[in-house]
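Everything on this sheet refers to the single structure shown next.
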Amino acid sequence: MSEIEIRDVSKVFETDEGKVQALSHVNINIEKGDIFGIIGMSGAGKSTLVRCLNFLEQPTSGEVIVRGQNLKDLNEKQLRQARTKISMIFQNFNLLMQKTVLDNVCFPLKLAGIKGEEAKKKAREYLEIVGLADKAKNYPAMLSGGQRQRVAIARALASKPEILLCDEATSALDPATTSQILALLKRINKEMGITIVIITHQMSVIQDICDNVAIMENGQVQEIGNVEEIFAHPKSAVGKRLILNVENKNTAASIESHHAYRIVFNEQSAFEPVIANMILTFNKPVNILMADTKNVGGQAKGEMIIDFGDGDHLEQIHFLKERGLDVEEVE
Amino acid sequence: MNSMSLTEILSIIGPETVNTLIMVIVSTVLGYVFGIPLGIILTLTDERGLKPNKTIYFILDFIVNVFRSIPFIILLVWILPFTRAIVHTTLGVPGAIVPLTVSAIPFIARMIEQSLKEVDPGVIEAAKSMGANTFQIVIHVLLVEARSSLVLGTTIVFASIVGYAAMAGTVGAGGLGDVAIRYGYQRYIASMMYASIIVTVIIVQLFQLVGNYLAKRVDKR
């Protein structure tokens with residue numbers, strides 16, 4: 001059984017301007033110990049979806065089964081109990097600004113009926129894990145964004161959750177801080193076996209730490225699967241758009257050419273100077289429109305968009321594919 | 001006799017200042033005792049609150065508005081029978097505390113509602129995601145996060161009630177307002193008028209200063 005099963009979930013919001021379909025017929029299975037990414041542009045429905053996983057939003061139809069419990073069948077008290085095992089962190093950290101860092105981490109412990117010194121002792125252990133033991137007496141206002149998110153993570157861990165939901169948890173942070181937070185999440189996943197669900201609009205976040213990904217648009221899942229596979233062969237239109245636009249929105253404009261191909265290298269194919277050999281073999285120049293290397297799921301991946309110019313270039317493509325590269329025409 | 005010695009002035013102003021303080025402090029405290037729960041219920045039952053309930057919100061909101069729109073001097077007279085039923089008199093400090101409290105409750109409830117609604121919805125959502133129930137959210141999130149704003153609200157409430165208490169003086173409640181009317185207005189003793197005004201201003205100013213200081217002190221944002 002999957003850790004989280006999302007079965008045919010739809011959500012309709014009634015607003016003053018009429019009905020808005022935020023989610024339609026979403027089906028996702030998330031396995032225990034997975035780091036699962038849900039990516040989409042803003043308005044794709046991903047934030048609504050993640051709130052359906054702890055019933056902060058109740059789906060209009062469909063079922064959410066978390067660790068064998070159908071959330072729909074729980075009464076209010078049981079639901080609150082279930083939520084203590086499904087922690088959540090947020091884009092804006094959502095810390096209690098009037099309480100110290102230590103008291104913030106104590107909060108879920110206090111809710112669980114753990115009192116005074118015992119709660120404080122435990123809270124200090126979690127602050128140790130996120131590397132903020134020395135900030136226990138500070139107030140959140142005195143901390144940087146990255147530190148605040150660490151406090152939020154310590155607070156999320158304090159209830160010993162099985163699942164951690166991250167709602168755009170790095171979107172308010174700079175790239176360096178983002179990497180630190182992602183590294184921390186990865187460590188938590190590895191060392192504590194906590195299943196992590198990450199909502200983001202940043203493809204780099206998905207590439208960095210996710211094992212599997214669902215790509216969403218207009219409230220629907222457009223594509224779902226292993227991150228490496230989807231990165232190499234995005235099938236859906238939105239998937240291609242997200243992956244090609246990674247960190248370089250300008251490239252999209254420059255690849256209007258009709259003979260542009262996207263090539264993905266893996267670690268093996270990086271040993272051979274494939275492009276140079278191809279040019280020497282066929283004696284035809286190519287135009288490199290974009291080149292980049294990325295870390296996808298712990299593996300170095302090279303990505304290049306090249307333009308073969310006019311004329312026949314099937315042989316060149318065959319040459320590249322023979323050498324184990326993923327080649328795909330860019331539309 | 002249109003002038004009085006300083007000792008005479010002080011001998012009258014002194015006890016009446018105490019009367020004013022008793023009236024204002026007791027009715028403010030009682031006002032909060034009833035106003036806090038009312039303000040919390042208004043916040044919770046609002047359509048964007050934690051326990052939306054249109055009927056309850058509509059009824060309470062209406063009652064609060066009615067009592068807020070009646071000028072205090074009229075409310076004072078209107079509820080005389082109620083006052084008599086509660087404290088068995090309509091005179092003196094006890095007779096003033098009842099109408100002062102009645103007018104303070106809806107005012108305080110509104111101030112509380114306003115302060116609590118300023119709390120970041122994200123923090124409330126976070127508490128919900130941790131499995132907090134509504135009571136826990138009110139106690140550990142709403143009242144804590146809004147505390148600075150609640151303290152500032154108290155200074156406004158206090159200043160208003162000092163004003164109301166002066167009006168209560170006109171119907172025999174005593175206090176500084178009573179002094180200003182009886183000696184200053186009816187007997188043309190300007191020094192008494194000024195003395196009672198000065199003491200009233202000092203009370204309000206002091207309270208405002210303390211309130212501002214506390215509000216800043218408890219705000220950790």
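Chains: A, B, ... in order of the structure tokens. Residues: from 1 per chain. Ligands: from 1, in order shown.
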Please identify every residue of segment 71-103 of chain B that has at least one atom no farther than 8 Å from an atom of segment 153-166 of chain B, counting only C-alpha atoms, and for each give the shortest atom pair and the distance in Å to one decimal, arranged by chain then increasing number, as a tab-separated table.
residue	atom	partner	partner_atom	distance
B:Phe72	CA	B:Tyr164	CA	6.6
B:Ile73	CA	B:Tyr164	CA	7.9
B:Ala96	CA	B:Ala165	CA	7.4
B:Leu100	CA	B:Tyr164	CA	7.0
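Near chain A, counting only C-alpha atoms at 7 Å, the chain B residues are Gly122, Val123, Ala126, Ser129, Met130, Gly131, Ala132, Val144, Glu145, Asp219, Lys220 and Arg221 of chain B.
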Check: If you run DSSP on this backbone, which residues of chain B come out as alpha helix (DSSP H), and could you give them as a PyMOL selection string?
Finding: chain B and resi 6-45+54-69+72-78+80-87+92-117+121-129+134-137+143-145+147-168+176-179+190-218
Checklist line | Who sits within 7 Å of segment 230-235 of chain A, only C-alpha atoms, same chain under 6 positions skipped, as JSON, numbers by chain | finding: {"A": [243, 264, 326]}
Quick one: write out the picked residues with N, CA and C atoms as a compact mmCIF listing (two decimals), in the first residue's frame?
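To be explicit, this is the file written out as out15.txt:
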# COMPACT_ATOMS: atom_id res chain seq x y z
N ILE A 243 10.87 22.15 -18.22
CA ILE A 243 12.24 21.63 -18.23
C ILE A 243 13.13 22.48 -19.12
N VAL A 264 20.49 15.31 -24.09
CA VAL A 264 20.80 15.14 -22.67
C VAL A 264 21.91 14.11 -22.53
N ASP A 326 20.24 11.16 -25.23
CA ASP A 326 18.82 11.37 -25.49
C ASP A 326 18.70 12.59 -26.40
Margin query: My list of candidates is B:Leu6, B:Ile40, B:Leu75, B:Ile63. Which is closest to Leu143 of chain B when distances are computed with only C-alpha atoms?
Written below: B:Ile40
Next item on the list: Could you pull out the residues in segment 4-89 of chain A that DSSP calls strand (DSSP E) from the backbone, as an MDAnalysis selection string?
Entry: chainID A and resid 4:15 18:30 35:40 61:66 69:70 86:89
Would you save the residues from that selection as a short mmCIF file (atom, residue, chain, number, x, y, z; two decimals), in the first residue's frame, using N, CA and C atoms?
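Final output, out.cif:
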data_model
loop_
_atom_site.label_atom_id
_atom_site.label_comp_id
_atom_site.auth_asym_id
_atom_site.auth_seq_id
_atom_site.Cartn_x
_atom_site.Cartn_y
_atom_site.Cartn_z
N ILE A 4 0.73 7.52 0.60
CA ILE A 4 -0.36 8.47 0.30
C ILE A 4 -1.01 8.06 -1.02
N GLU A 5 -2.30 7.87 -1.00
CA GLU A 5 -3.02 7.58 -2.25
C GLU A 5 -4.02 8.69 -2.50
N ILE A 6 -3.85 9.33 -3.63
CA ILE A 6 -4.81 10.37 -4.03
C ILE A 6 -5.65 9.77 -5.13
N ARG A 7 -6.93 9.58 -4.85
CA ARG A 7 -7.79 8.86 -5.79
C ARG A 7 -8.87 9.76 -6.36
N ASP A 8 -8.71 10.09 -7.61
CA ASP A 8 -9.75 10.81 -8.35
C ASP A 8 -10.23 12.06 -7.60
N VAL A 9 -9.27 12.82 -7.07
CA VAL A 9 -9.62 13.99 -6.26
C VAL A 9 -9.94 15.20 -7.13
N SER A 10 -11.10 15.79 -6.87
CA SER A 10 -11.48 17.05 -7.51
C SER A 10 -11.83 18.05 -6.44
N LYS A 11 -11.59 19.32 -6.74
CA LYS A 11 -11.94 20.38 -5.79
C LYS A 11 -12.51 21.57 -6.56
N VAL A 12 -13.69 21.96 -6.14
CA VAL A 12 -14.34 23.13 -6.76
C VAL A 12 -14.51 24.18 -5.68
N PHE A 13 -14.04 25.38 -5.96
CA PHE A 13 -14.24 26.49 -5.02
C PHE A 13 -15.43 27.32 -5.50
N GLU A 14 -16.30 27.65 -4.54
CA GLU A 14 -17.41 28.55 -4.86
C GLU A 14 -16.95 29.97 -4.55
N THR A 15 -16.83 30.78 -5.55
CA THR A 15 -16.43 32.16 -5.30
C THR A 15 -17.54 33.10 -5.76
N GLY A 18 -18.32 32.87 -9.33
CA GLY A 18 -18.78 31.57 -9.81
C GLY A 18 -17.87 30.45 -9.36
N LYS A 19 -18.04 29.29 -9.99
CA LYS A 19 -17.27 28.13 -9.55
C LYS A 19 -15.90 28.09 -10.20
N VAL A 20 -14.92 27.70 -9.40
CA VAL A 20 -13.57 27.55 -9.93
C VAL A 20 -13.13 26.13 -9.67
N GLN A 21 -12.78 25.44 -10.76
CA GLN A 21 -12.32 24.06 -10.62
C GLN A 21 -10.82 24.08 -10.35
N ALA A 22 -10.45 23.88 -9.10
CA ALA A 22 -9.02 23.95 -8.73
C ALA A 22 -8.30 22.64 -9.03
N LEU A 23 -9.01 21.54 -8.84
CA LEU A 23 -8.42 20.22 -9.11
C LEU A 23 -9.45 19.39 -9.87
N SER A 24 -9.00 18.65 -10.88
CA SER A 24 -9.96 17.73 -11.48
C SER A 24 -9.33 16.36 -11.68
N HIS A 25 -9.94 15.40 -11.04
CA HIS A 25 -9.60 13.98 -11.18
C HIS A 25 -8.11 13.71 -11.05
N VAL A 26 -7.57 14.08 -9.93
CA VAL A 26 -6.14 13.86 -9.69
C VAL A 26 -5.93 12.47 -9.08
N ASN A 27 -5.03 11.72 -9.67
CA ASN A 27 -4.64 10.41 -9.13
C ASN A 27 -3.14 10.37 -8.96
N ILE A 28 -2.69 10.21 -7.72
CA ILE A 28 -1.24 10.10 -7.47
C ILE A 28 -1.03 9.10 -6.34
N ASN A 29 -0.02 8.25 -6.48
CA ASN A 29 0.39 7.39 -5.38
C ASN A 29 1.79 7.80 -4.95
N ILE A 30 1.96 8.00 -3.66
CA ILE A 30 3.28 8.37 -3.15
C ILE A 30 3.74 7.29 -2.20
N ILE A 35 10.79 11.07 -1.92
CA ILE A 35 10.68 12.52 -1.97
C ILE A 35 9.93 12.82 -3.27
N PHE A 36 8.71 13.23 -3.11
CA PHE A 36 7.83 13.37 -4.27
C PHE A 36 7.58 14.85 -4.56
N GLY A 37 7.84 15.24 -5.79
CA GLY A 37 7.65 16.64 -6.17
C GLY A 37 6.35 16.84 -6.93
N ILE A 38 5.70 17.95 -6.66
CA ILE A 38 4.54 18.34 -7.46
C ILE A 38 4.85 19.72 -8.00
N ILE A 39 4.98 19.81 -9.29
CA ILE A 39 5.41 21.08 -9.89
C ILE A 39 4.34 21.60 -10.84
N GLY A 40 4.26 22.90 -10.93
CA GLY A 40 3.32 23.54 -11.86
C GLY A 40 3.47 25.04 -11.73
N SER A 61 -14.73 15.91 -4.39
CA SER A 61 -14.99 14.49 -4.60
C SER A 61 -13.66 13.76 -4.65
N GLY A 62 -13.72 12.46 -4.52
CA GLY A 62 -12.50 11.67 -4.51
C GLY A 62 -12.03 11.37 -3.10
N GLU A 63 -10.97 10.61 -3.01
CA GLU A 63 -10.51 10.16 -1.70
C GLU A 63 -9.02 10.38 -1.51
N VAL A 64 -8.65 10.68 -0.28
CA VAL A 64 -7.23 10.77 0.07
C VAL A 64 -6.98 9.76 1.18
N ILE A 65 -6.11 8.80 0.88
CA ILE A 65 -5.83 7.76 1.86
C ILE A 65 -4.38 7.90 2.30
N VAL A 66 -4.21 8.25 3.56
CA VAL A 66 -2.87 8.46 4.10
C VAL A 66 -2.56 7.36 5.09
N GLN A 69 -5.37 5.26 6.13
CA GLN A 69 -6.57 5.91 6.67
C GLN A 69 -7.22 6.78 5.60
N ASN A 70 -8.48 6.54 5.34
CA ASN A 70 -9.20 7.41 4.43
C ASN A 70 -9.62 8.66 5.21
N ILE A 86 1.36 14.27 9.98
CA ILE A 86 1.57 14.87 8.65
C ILE A 86 1.97 16.32 8.88
N SER A 87 3.24 16.58 9.01
CA SER A 87 3.68 17.96 9.27
C SER A 87 3.71 18.76 7.97
N MET A 88 3.78 20.07 8.14
CA MET A 88 3.76 20.93 6.96
C MET A 88 4.66 22.14 7.18
N ILE A 89 5.40 22.52 6.14
CA ILE A 89 6.13 23.79 6.18
C ILE A 89 5.68 24.65 5.02
#
Note to self: Give me, as an MDAnalysis selection string, all polymer residues having an atom no more than 9 Å from Asp208 of chain A, counting only C-alpha atoms and skipping those fewer than 3 positions away in the same chain.
What the structure shows: chainID A and resid 179 182:183 203:205 294:298
Margin query: as a VMD selection string, please: the residues near segment 196-206 of chain B (cut-off 7 Å, only C-alpha atoms, same-chain neighbours under 5 positions excluded).
Written below: chain B and resid 13 159 176 179 to 180
